[in-house]
$ cat final_38.pdb   # PDB, C-alpha atoms
ATOM      1  CA  MET H   1      62.293 -15.215  -9.722
ATOM      2  CA  ASP H   2      59.760 -12.347  -9.593
ATOM      3  CA  TYR H   3      58.692 -10.759  -6.315
ATOM      4  CA  PHE H   4      55.833  -8.377  -5.402
ATOM      5  CA  ASP H   5      55.640  -7.295  -1.750
ATOM      6  CA  LEU H   6      52.712  -5.378  -0.252
ATOM      7  CA  HIS H   7      54.405  -3.742   2.741
ATOM      8  CA  CYS H   8      57.731  -2.395   3.946
ATOM      9  CA  ASP H   9      58.734   0.433   6.286
ATOM     10  CA  THR H  10      61.974   1.324   4.518
ATOM     11  CA  ILE H  11      60.922   4.933   3.864
ATOM     12  CA  TYR H  12      60.354   5.429   7.592
ATOM     13  CA  GLU H  13      63.830   4.056   8.305
ATOM     14  CA  LEU H  14      65.311   6.454   5.734
ATOM     15  CA  SER H  15      63.454   9.389   7.319
ATOM     16  CA  GLU H  16      64.439  11.392  10.379
ATOM     17  CA  TYR H  17      62.027   9.278  12.439
ATOM     18  CA  GLY H  18      63.660   5.843  11.898
ATOM     19  CA  LEU H  19      62.189   3.350  14.380
ATOM     20  CA  TYR H  20      65.138   0.947  14.566
ATOM     21  CA  ARG H  21      67.903   3.424  13.723
ATOM     22  CA  ARG H  22      69.768   0.912  11.637
ATOM     23  CA  SER H  23      72.507   2.196   9.333
ATOM     24  CA  ARG H  24      70.208   4.244   7.130
ATOM     25  CA  GLY H  25      72.091   4.887   3.902
ATOM     26  CA  THR H  26      69.868   5.302   0.845
ATOM     27  CA  LEU H  27      67.138   3.360  -0.896
ATOM     28  CA  ARG H  28      69.774   2.115  -3.333
ATOM     29  CA  GLU H  29      71.967   0.691  -0.573
ATOM     30  CA  ASN H  30      71.585   0.699   3.222
ATOM     31  CA  GLY H  31      72.116  -1.333   6.367
ATOM     32  CA  GLY H  32      68.469  -2.251   6.881
ATOM     33  CA  GLN H  33      66.452  -5.180   5.589
ATOM     34  CA  LEU H  34      65.692  -3.878   2.085
ATOM     35  CA  ASP H  35      67.523  -1.917  -0.586
ATOM     36  CA  LEU H  36      67.598  -1.950  -4.369
ATOM     37  CA  ALA H  37      71.089  -3.424  -4.503
ATOM     38  CA  ARG H  38      69.690  -6.600  -2.933
ATOM     39  CA  THR H  39      66.364  -6.647  -4.803
ATOM     40  CA  ALA H  40      68.208  -6.497  -8.140
ATOM     41  CA  ARG H  41      68.384 -10.303  -7.901
ATOM     42  CA  TYR H  42      64.656 -10.453  -8.779
ATOM     43  CA  ALA H  43      63.790 -10.394 -12.488
ATOM     44  CA  HIS H  44      60.695  -8.301 -11.803
ATOM     45  CA  TYR H  45      60.297  -6.603  -8.438
ATOM     46  CA  ALA H  46      57.404  -4.515  -7.135
ATOM     47  CA  GLN H  47      57.187  -3.000  -3.671
ATOM     48  CA  VAL H  48      54.577  -1.039  -1.756
ATOM     49  CA  PHE H  49      56.469   1.504   0.360
ATOM     50  CA  ALA H  50      54.532   2.616   3.437
ATOM     51  CA  LEU H  51      54.542   6.066   4.979
ATOM     52  CA  PHE H  52      54.288   4.932   8.602
ATOM     53  CA  CYS H  53      52.498   7.180  11.094
ATOM     54  CA  GLY H  54      54.984   6.373  13.866
ATOM     55  CA  SER H  55      55.088   4.318  17.048
ATOM     56  CA  THR H  56      53.883   7.171  19.293
ATOM     57  CA  PRO H  57      50.366   8.626  18.899
ATOM     58  CA  ILE H  58      50.012  11.813  16.876
ATOM     59  CA  GLN H  59      48.583  14.502  19.117
ATOM     60  CA  THR H  60      47.582  17.338  16.759
ATOM     61  CA  GLU H  61      46.602  18.035  13.183
ATOM     62  CA  GLU H  62      49.771  20.100  12.781
ATOM     63  CA  GLU H  63      51.943  17.232  13.985
ATOM     64  CA  ALA H  64      50.219  14.939  11.499
ATOM     65  CA  HIS H  65      50.854  17.423   8.688
ATOM     66  CA  VAL H  66      54.550  17.842   9.503
ATOM     67  CA  ARG H  67      55.104  14.092   9.787
ATOM     68  CA  PHE H  68      53.159  13.249   6.617
ATOM     69  CA  THR H  69      54.893  15.958   4.600
ATOM     70  CA  HIS H  70      58.357  14.820   5.706
ATOM     71  CA  LEU H  71      57.651  11.160   4.972
ATOM     72  CA  LEU H  72      56.181  11.933   1.567
ATOM     73  CA  GLN H  73      59.177  14.096   0.674
ATOM     74  CA  THR H  74      61.530  11.355   1.861
ATOM     75  CA  ALA H  75      59.803   8.861  -0.430
ATOM     76  CA  GLN H  76      59.722  11.196  -3.409
ATOM     77  CA  ASN H  77      63.408  12.042  -2.998
ATOM     78  CA  ALA H  78      64.331   8.374  -2.651
ATOM     79  CA  PHE H  79      62.353   7.416  -5.758
ATOM     80  CA  ALA H  80      63.810  10.286  -7.785
ATOM     81  CA  SER H  81      67.367   9.355  -6.823
ATOM     82  CA  CYS H  82      66.800   5.843  -8.198
ATOM     83  CA  SER H  83      64.877   6.792 -11.338
ATOM     84  CA  ASP H  84      67.386   4.936 -13.501
ATOM     85  CA  VAL H  85      66.154   1.641 -12.009
ATOM     86  CA  LEU H  86      62.780   2.532 -10.441
ATOM     87  CA  VAL H  87      59.374   3.789 -11.578
ATOM     88  CA  HIS H  88      57.021   5.429  -9.089
ATOM     89  CA  CYS H  89      53.774   3.709 -10.075
ATOM     90  CA  LYS H  90      50.449   5.459  -9.578
ATOM     91  CA  THR H  91      48.411   3.412 -12.062
ATOM     92  CA  ALA H  92      48.262  -0.045 -13.597
ATOM     93  CA  ASP H  93      49.719   1.469 -16.769
ATOM     94  CA  ASP H  94      52.732   2.711 -14.788
ATOM     95  CA  PHE H  95      53.183  -0.785 -13.411
ATOM     96  CA  ALA H  96      53.060  -2.307 -16.882
ATOM     97  CA  ALA H  97      55.636   0.227 -18.067
ATOM     98  CA  ALA H  98      57.957  -0.651 -15.165
ATOM     99  CA  GLU H  99      57.675  -4.329 -16.086
ATOM    100  CA  ARG H 100      58.480  -3.659 -19.752
ATOM    101  CA  GLN H 101      61.502  -1.567 -18.795
ATOM    102  CA  GLY H 102      62.750  -4.102 -16.266
ATOM    103  CA  LYS H 103      62.603  -1.487 -13.503
ATOM    104  CA  VAL H 104      61.425  -1.654  -9.900
ATOM    105  CA  ALA H 105      57.714  -0.851  -9.595
ATOM    106  CA  ALA H 106      57.345   1.339  -6.484
ATOM    107  CA  PHE H 107      53.925   2.113  -5.002
ATOM    108  CA  LEU H 108      53.071   4.365  -2.063
ATOM    109  CA  SER H 109      50.821   3.515   0.860
ATOM    110  CA  ILE H 110      50.055   5.143   4.201
ATOM    111  CA  GLU H 111      50.247   3.050   7.357
ATOM    112  CA  GLY H 112      48.055   4.818   9.877
ATOM    113  CA  ALA H 113      45.427   7.149   8.424
ATOM    114  CA  GLU H 114      45.994   9.470  11.384
ATOM    115  CA  LEU H 115      48.694  11.016   9.179
ATOM    116  CA  LEU H 116      45.831  12.500   7.158
ATOM    117  CA  GLN H 117      43.914  14.879   9.422
ATOM    118  CA  SER H 118      43.103  17.711   7.036
ATOM    119  CA  GLU H 119      41.400  17.953   3.661
ATOM    120  CA  ALA H 120      44.627  19.455   2.273
ATOM    121  CA  ASP H 121      46.753  16.490   3.347
ATOM    122  CA  ILE H 122      44.186  13.982   2.085
ATOM    123  CA  GLN H 123      44.291  15.735  -1.278
ATOM    124  CA  ALA H 124      48.090  15.798  -1.181
ATOM    125  CA  ALA H 125      48.101  12.027  -0.683
ATOM    126  CA  ILE H 126      45.719  11.567  -3.597
ATOM    127  CA  ASP H 127      47.824  13.833  -5.811
ATOM    128  CA  ALA H 128      51.022  12.019  -4.802
ATOM    129  CA  GLY H 129      49.633   8.717  -6.019
ATOM    130  CA  VAL H 130      49.066   6.981  -2.688
ATOM    131  CA  ARG H 131      47.122   3.830  -3.601
ATOM    132  CA  ILE H 132      46.603   2.096  -0.228
ATOM    133  CA  VAL H 133      45.742   3.450   3.230
ATOM    134  CA  THR H 134      45.996   1.364   6.392
ATOM    135  CA  LEU H 135      43.126   2.795   8.411
ATOM    136  CA  THR H 136      44.812   2.589  11.816
ATOM    137  CA  TRP H 137      48.064   1.534  13.369
ATOM    138  CA  ASN H 138      48.059   0.136  16.914
ATOM    139  CA  HIS H 139      46.691   3.254  18.588
ATOM    140  CA  ARG H 140      43.217   4.681  18.920
ATOM    141  CA  SER H 141      42.858   7.611  16.498
ATOM    142  CA  CYS H 142      40.257   9.995  15.154
ATOM    143  CA  TYR H 143      39.371   7.361  12.539
ATOM    144  CA  GLY H 144      39.256   4.130  14.512
ATOM    145  CA  CYS H 145      41.226   1.819  16.734
ATOM    146  CA  GLY H 146      43.988  -0.703  16.299
ATOM    147  CA  ALA H 147      43.442  -4.315  17.316
ATOM    148  CA  ALA H 148      46.287  -3.983  19.807
ATOM    149  CA  ALA H 149      44.375  -1.275  21.688
ATOM    150  CA  ASP H 150      40.764  -2.504  21.566
ATOM    151  CA  ASN H 151      39.494  -5.149  19.159
ATOM    152  CA  ASP H 152      35.885  -4.254  20.013
ATOM    153  CA  ALA H 153      36.157  -0.576  19.025
ATOM    154  CA  GLY H 154      34.761   0.320  15.616
ATOM    155  CA  LEU H 155      35.383   3.008  13.048
ATOM    156  CA  THR H 156      34.377   6.515  14.054
ATOM    157  CA  LYS H 157      32.084   8.674  11.917
ATOM    158  CA  ALA H 158      35.214  10.383  10.634
ATOM    159  CA  GLY H 159      36.673   6.973   9.799
ATOM    160  CA  ILE H 160      33.628   5.987   7.755
ATOM    161  CA  TRP H 161      33.771   9.351   5.962
ATOM    162  CA  LEU H 162      37.467   8.812   5.179
ATOM    163  CA  VAL H 163      36.860   5.328   3.792
ATOM    164  CA  GLN H 164      34.181   6.623   1.459
ATOM    165  CA  LYS H 165      36.296   9.587   0.338
ATOM    166  CA  LEU H 166      39.353   7.465  -0.375
ATOM    167  CA  SER H 167      37.277   4.841  -2.171
ATOM    168  CA  ALA H 168      35.842   7.544  -4.427
ATOM    169  CA  HIS H 169      39.415   8.240  -5.541
ATOM    170  CA  GLY H 170      40.301   4.587  -6.072
ATOM    171  CA  ILE H 171      42.455   4.319  -2.949
ATOM    172  CA  VAL H 172      42.198   0.829  -1.462
ATOM    173  CA  PRO H 173      41.572   0.443   2.296
ATOM    174  CA  ASP H 174      43.998  -1.777   4.206
ATOM    175  CA  VAL H 175      42.731  -3.588   7.317
ATOM    176  CA  SER H 176      46.067  -4.701   8.762
ATOM    177  CA  HIS H 177      46.243  -3.360  12.355
ATOM    178  CA  LEU H 178      42.529  -2.431  12.315
ATOM    179  CA  SER H 179      40.308  -3.710  15.143
ATOM    180  CA  GLU H 180      37.973  -6.588  14.364
ATOM    181  CA  ARG H 181      34.922  -4.389  14.928
ATOM    182  CA  GLY H 182      36.449  -1.736  12.687
ATOM    183  CA  PHE H 183      36.952  -4.366   9.985
ATOM    184  CA  TRP H 184      33.262  -5.198   9.888
ATOM    185  CA  ASP H 185      32.326  -1.507   9.995
ATOM    186  CA  LEU H 186      34.515  -1.047   6.932
ATOM    187  CA  MET H 187      32.917  -3.955   5.090
ATOM    188  CA  GLN H 188      29.472  -2.443   5.741
ATOM    189  CA  ASN H 189      30.456   0.967   4.405
ATOM    190  CA  THR H 190      32.233   0.151   1.165
ATOM    191  CA  SER H 191      31.732  -2.415  -1.565
ATOM    192  CA  ALA H 192      35.300  -2.014  -2.835
ATOM    193  CA  PRO H 193      37.949  -4.733  -2.578
ATOM    194  CA  VAL H 194      40.032  -4.478   0.573
ATOM    195  CA  LEU H 195      43.569  -5.462   1.457
ATOM    196  CA  ALA H 196      45.292  -6.819   4.526
ATOM    197  CA  THR H 197      48.781  -5.926   3.381
ATOM    198  CA  HIS H 198      50.682  -7.612   6.223
ATOM    199  CA  SER H 199      48.521  -9.982   8.287
ATOM    200  CA  ASN H 200      48.439 -13.695   9.040
ATOM    201  CA  SER H 201      45.951 -16.296  10.299
ATOM    202  CA  ARG H 202      44.635 -16.020  13.861
ATOM    203  CA  GLU H 203      43.596 -19.673  13.698
ATOM    204  CA  VAL H 204      47.232 -20.673  13.178
ATOM    205  CA  CYS H 205      48.716 -18.099  15.556
ATOM    206  CA  PRO H 206      46.261 -16.498  18.031
ATOM    207  CA  HIS H 207      47.590 -12.949  17.898
ATOM    208  CA  LEU H 208      45.057 -10.099  17.880
ATOM    209  CA  ARG H 209      46.794  -8.594  14.826
ATOM    210  CA  ASN H 210      46.005 -11.677  12.771
ATOM    211  CA  LEU H 211      42.852 -12.305  10.745
ATOM    212  CA  THR H 212      40.026 -14.611  11.738
ATOM    213  CA  ASP H 213      38.826 -17.119   9.162
ATOM    214  CA  ALA H 214      35.669 -15.034   8.719
ATOM    215  CA  GLN H 215      37.699 -11.908   7.984
ATOM    216  CA  PHE H 216      39.922 -13.697   5.502
ATOM    217  CA  THR H 217      36.926 -15.228   3.731
ATOM    218  CA  ALA H 218      35.253 -11.810   3.470
ATOM    219  CA  ILE H 219      38.400 -10.345   1.896
ATOM    220  CA  VAL H 220      38.545 -13.201  -0.622
ATOM    221  CA  GLN H 221      34.871 -12.759  -1.510
ATOM    222  CA  ARG H 222      35.529  -9.065  -2.211
ATOM    223  CA  GLY H 223      38.386  -9.882  -4.566
ATOM    224  CA  GLY H 224      40.981  -8.561  -2.125
ATOM    225  CA  LEU H 225      44.455  -9.665  -1.106
ATOM    226  CA  VAL H 226      46.227 -10.717   2.065
ATOM    227  CA  GLY H 227      49.989 -10.315   2.396
ATOM    228  CA  ILE H 228      51.757 -12.859   4.596
ATOM    229  CA  ASN H 229      53.747 -11.103   7.332
ATOM    230  CA  LEU H 230      57.147 -12.503   8.384
ATOM    231  CA  TYR H 231      57.210 -10.992  11.897
ATOM    232  CA  VAL H 232      57.824 -13.891  14.311
ATOM    233  CA  PRO H 233      55.058 -13.068  16.883
ATOM    234  CA  PHE H 234      52.479 -13.098  14.057
ATOM    235  CA  LEU H 235      53.736 -16.499  12.839
ATOM    236  CA  THR H 236      54.062 -18.508  16.042
ATOM    237  CA  ARG H 237      53.854 -18.265  19.815
ATOM    238  CA  ASN H 238      57.355 -19.718  20.021
ATOM    239  CA  ALA H 239      60.430 -17.540  20.494
ATOM    240  CA  HIS H 240      61.755 -18.414  17.047
ATOM    241  CA  ALA H 241      60.151 -19.197  13.704
ATOM    242  CA  GLU H 242      61.174 -21.303  10.731
ATOM    243  CA  PRO H 243      60.052 -21.060   7.095
ATOM    244  CA  SER H 244      57.731 -23.961   7.938
ATOM    245  CA  ASP H 245      55.808 -21.609  10.240
ATOM    246  CA  ILE H 246      55.165 -19.303   7.274
ATOM    247  CA  LEU H 247      53.918 -22.284   5.288
ATOM    248  CA  ARG H 248      51.382 -23.136   8.000
ATOM    249  CA  HIS H 249      49.663 -19.772   7.464
ATOM    250  CA  ILE H 250      49.776 -20.094   3.688
ATOM    251  CA  GLU H 251      48.339 -23.608   3.796
ATOM    252  CA  HIS H 252      45.551 -22.619   6.170
ATOM    253  CA  PHE H 253      44.481 -19.717   3.962
ATOM    254  CA  CYS H 254      44.673 -21.918   0.869
ATOM    255  CA  ALA H 255      42.438 -24.476   2.597
ATOM    256  CA  LEU H 256      39.864 -21.692   2.988
ATOM    257  CA  GLY H 257      39.839 -21.203  -0.787
ATOM    258  CA  GLY H 258      42.191 -18.225  -0.781
ATOM    259  CA  ALA H 259      45.125 -19.413  -2.898
ATOM    260  CA  ASP H 260      44.514 -16.677  -5.497
ATOM    261  CA  SER H 261      44.153 -14.017  -2.798
ATOM    262  CA  LEU H 262      47.531 -14.497  -1.130
ATOM    263  CA  CYS H 263      50.813 -12.686  -1.592
ATOM    264  CA  ILE H 264      53.669 -11.475   0.586
ATOM    265  CA  GLY H 265      53.632  -8.411   2.855
ATOM    266  CA  ALA H 266      56.852  -9.193   4.665
ATOM    267  CA  ASP H 267      57.072  -5.998   6.767
ATOM    268  CA  TRP H 268      60.728  -5.398   5.864
ATOM    269  CA  ASP H 269      62.285  -2.704   8.060
ATOM    270  CA  GLY H 270      59.155  -2.732  10.193
ATOM    271  CA  CYS H 271      60.063  -5.652  12.446
ATOM    272  CA  ASP H 272      63.042  -6.854  14.411
ATOM    273  CA  ARG H 273      62.296 -10.581  14.598
ATOM    274  CA  LEU H 274      62.279 -12.609  11.393
ATOM    275  CA  PRO H 275      62.272 -16.393  10.871
ATOM    276  CA  ASP H 276      65.595 -18.162  11.223
ATOM    277  CA  GLY H 277      67.561 -17.963   7.987
ATOM    278  CA  ILE H 278      65.581 -14.956   6.715
ATOM    279  CA  SER H 279      67.392 -11.774   7.713
ATOM    280  CA  ASP H 280      66.513  -9.456   4.839
ATOM    281  CA  VAL H 281      64.753  -9.190   1.480
ATOM    282  CA  THR H 282      67.033 -11.810  -0.111
ATOM    283  CA  GLY H 283      65.553 -14.368   2.283
ATOM    284  CA  ILE H 284      62.328 -14.548   0.320
ATOM    285  CA  GLU H 285      64.195 -16.969  -1.947
ATOM    286  CA  ARG H 286      64.449 -19.359   0.992
ATOM    287  CA  LEU H 287      60.677 -19.227   1.397
ATOM    288  CA  ALA H 288      60.233 -20.047  -2.297
ATOM    289  CA  GLU H 289      62.598 -22.991  -1.892
ATOM    290  CA  ALA H 290      60.643 -24.219   1.139
ATOM    291  CA  LEU H 291      57.410 -24.038  -0.850
ATOM    292  CA  ALA H 292      58.974 -26.053  -3.679
ATOM    293  CA  ARG H 293      60.229 -28.717  -1.259
ATOM    294  CA  HIS H 294      56.742 -28.885   0.212
ATOM    295  CA  GLY H 295      55.251 -29.748  -3.188
ATOM    296  CA  TYR H 296      54.031 -26.375  -4.409
ATOM    297  CA  THR H 297      54.205 -26.078  -8.195
ATOM    298  CA  ASP H 298      56.104 -23.356 -10.029
ATOM    299  CA  ILE H 299      52.767 -21.748 -10.944
ATOM    300  CA  GLN H 300      51.544 -21.794  -7.343
ATOM    301  CA  ILE H 301      54.785 -20.246  -6.119
ATOM    302  CA  ARG H 302      54.722 -17.593  -8.825
ATOM    303  CA  ASN H 303      51.126 -16.703  -7.964
ATOM    304  CA  LEU H 304      52.024 -16.203  -4.312
ATOM    305  CA  MET H 305      55.254 -14.331  -4.985
ATOM    306  CA  TYR H 306      54.061 -12.092  -7.814
ATOM    307  CA  ASP H 307      51.096 -12.863 -10.038
ATOM    308  CA  ASN H 308      48.264 -12.575  -7.488
ATOM    309  CA  ALA H 309      49.370  -9.065  -6.574
ATOM    310  CA  LYS H 310      49.958  -8.214 -10.222
ATOM    311  CA  ARG H 311      46.384  -9.210 -11.099
ATOM    312  CA  PHE H 312      45.002  -7.117  -8.249
ATOM    313  CA  VAL H 313      46.955  -4.026  -9.318
ATOM    314  CA  THR H 314      45.992  -4.510 -12.958
ATOM    315  CA  ALA H 315      42.298  -4.748 -12.048
ATOM    316  CA  ASN H 316      42.129  -2.034  -9.382
ATOM    317  CA  PHE H 317      44.841   0.580 -10.004
TER     318      PHE H 317
END

$ encode --input "final_38.pdb" --output "structure tokens"
Amino acid sequence: MDYFDLHCDTIYELSEYGLYRRSRGTLRENGGQLDLARTARYAHYAQVFALFCGSTPIQTEEEAHVRFTHLLQTAQNAFASCSDVLVHCKTADDFAAAERQGKVAAFLSIEGAELLQSEADIQAAIDAGVRIVTLTWNHRSCYGCGAAADNDAGLTKAGIWLVQKLSAHGIVPDVSHLSERGFWDLMQNTSAPVLATHSNSREVCPHLRNLTDAQFTAIVQRGGLVGINLYVPFLTRNAHAEPSDILRHIEHFCALGGADSLCIGADWDGCDRLPDGISDVTGIERLAEALARHGYTDIQIRNLMYDNAKRFVTANF
């Protein structure tokens, strides 16, 4: 089985900031939800590793610089220490090379653009090969506002400027966490494809972090991607979730004509409540099995698990 995942917070957990403070270890092997020892089970494996801004608001440009620099160094050190089995991919050609070599394809993203508050740090992110930027986390920032804070708040002038600057360098905007108003501001200010790396359907589960049908359709029409998030509160209003709850989101998005625009953005190491029977990255096999039992073909499962994301990277990176 091949697996391409659009979002994890493993680098944050390996950094000095670690949100959950699980046994940290290394990228190769740790006590969290994802490491390369466990992903070795996948024939081809690609992962977008997020540099997460943090659960408390950044107060100053200097704080943003220190945090961004530490997270980037943590990622670069982790990738370098696993270079025998991992390729840090900055381009589609790098990704193709990782596939040929049978190595992990590792991409960098930023979760919370408030990490980038100076021209120097924006350039550092570009130079480091960051390919995706989540425009906000849950807080209000200099660039916009998270849905959890105010779904009616739009992008700021600085946020629109950042979107246009990043787009000029081929960096793809990510609307997960972004307010609904900010989403539509983004769509009006760039013609580039957009991602929702770890978001589900608000029609299926009415959480403000989830996408409306109109948002999902707009992403599909732009040739973008949506990664299905495994965090229980984004799947169901119940206390526990089953793989069948994941399927409900997938089926709803497919019914909207989005089968080729779906992949997985599990949010490994970024959440503490996963569906029953799925405790870490190996659990994605259980989801594939559930899809097969539900009548999905091998091709449909492969598209969701790998090929849709592969096509996007090949076309846009």

$ closest_residue --input "final_38.pdb" --among "H:Asp280, H:Asp94, H:Glu99, H:Glu285" --to "Leu36 in chain H" --atoms "only C-alpha atoms"
H:Asp280

$ closest_atom_pairs --input "final_38.pdb" --of "range 284-303 of chain H" --to "range 248-269 of chain H" --cutoff "12 Å" --atoms "all atoms listed in the file" --output "Markdown table"
| residue | atom | partner | partner_atom | distance |
| --- | --- | --- | --- | --- |
| H:Ile284 | CA | H:Ala266 | CA | 8.8 |
| H:Leu287 | CA | H:Ile264 | CA | 10.5 |
| H:Ala288 | CA | H:Ile264 | CA | 11.2 |
| H:Ala290 | CA | H:Arg248 | CA | 11.6 |
| H:Leu291 | CA | H:Ile250 | CA | 9.7 |
| H:His294 | CA | H:Glu251 | CA | 10.5 |
| H:Gly295 | CA | H:Glu251 | CA | 11.6 |
| H:Tyr296 | CA | H:Glu251 | CA | 10.4 |
| H:Ile299 | CA | H:Asp260 | CA | 11.1 |
| H:Gln300 | CA | H:Ala259 | CA | 8.2 |
| H:Ile301 | CA | H:Cys263 | CA | 9.7 |
| H:Arg302 | CA | H:Cys263 | CA | 9.6 |
| H:Asn303 | CA | H:Asp260 | CA | 7.1 |

$ residues_near_point --input "final_38.pdb" --point "(44.9, -10.0, 2.4)" --cutoff "7 Å" --atoms "only C-alpha atoms" --output "number ranges by chain"
H: 195-197, 199, 216, 219, 224-227, 261-262

$ resolve_selection --input "final_38.pdb" --expression "the PyMOL selection byres ((chain H and resi 47-50) around 9)" --output "PyMOL selection string"
chain H and resi 3-12+45-46+51-52+75+104-111+132-133+265

$ atom_distance --input "final_38.pdb" --atom1 "CA of Gly170 in chain H" --atom2 "CA of Ala214 in chain H"
25.0 Å

$ atom_distance --input "final_38.pdb" --atom1 "CA of Ala96 in chain H" --atom2 "CA of Asp84 in chain H"
16.4 Å

$ closest_residue --input "final_38.pdb" --among "H:Leu274, H:Ala153, H:Val175, H:Val204" --to "Gln33 in chain H" --atoms "only C-alpha atoms"
H:Leu274

$ residues_near_point --input "final_38.pdb" --point "(40.1, 2.8, -0.2)" --cutoff "9 Å" --atoms "all atoms listed in the file" --output "list of chain:residue names"
H:Arg131, H:Ile132, H:Val133, H:Thr134, H:Leu162, H:Val163, H:Gln164, H:Lys165, H:Leu166, H:Ser167, H:Ala168, H:His169, H:Gly170, H:Ile171, H:Val172, H:Pro173, H:Asp174, H:Thr190, H:Ala192, H:Pro193, H:Val194

$ atom_distance --input "final_38.pdb" --atom1 "CA of Gln73 in chain H" --atom2 "CA of Ala124 in chain H"
11.4 Å

$ closest_residue --input "final_38.pdb" --among "H:Ala218, H:Asn77, H:Arg209, H:Asn200" --to "Asp245 in chain H" --atoms "all atoms listed in the file"
H:Asn200
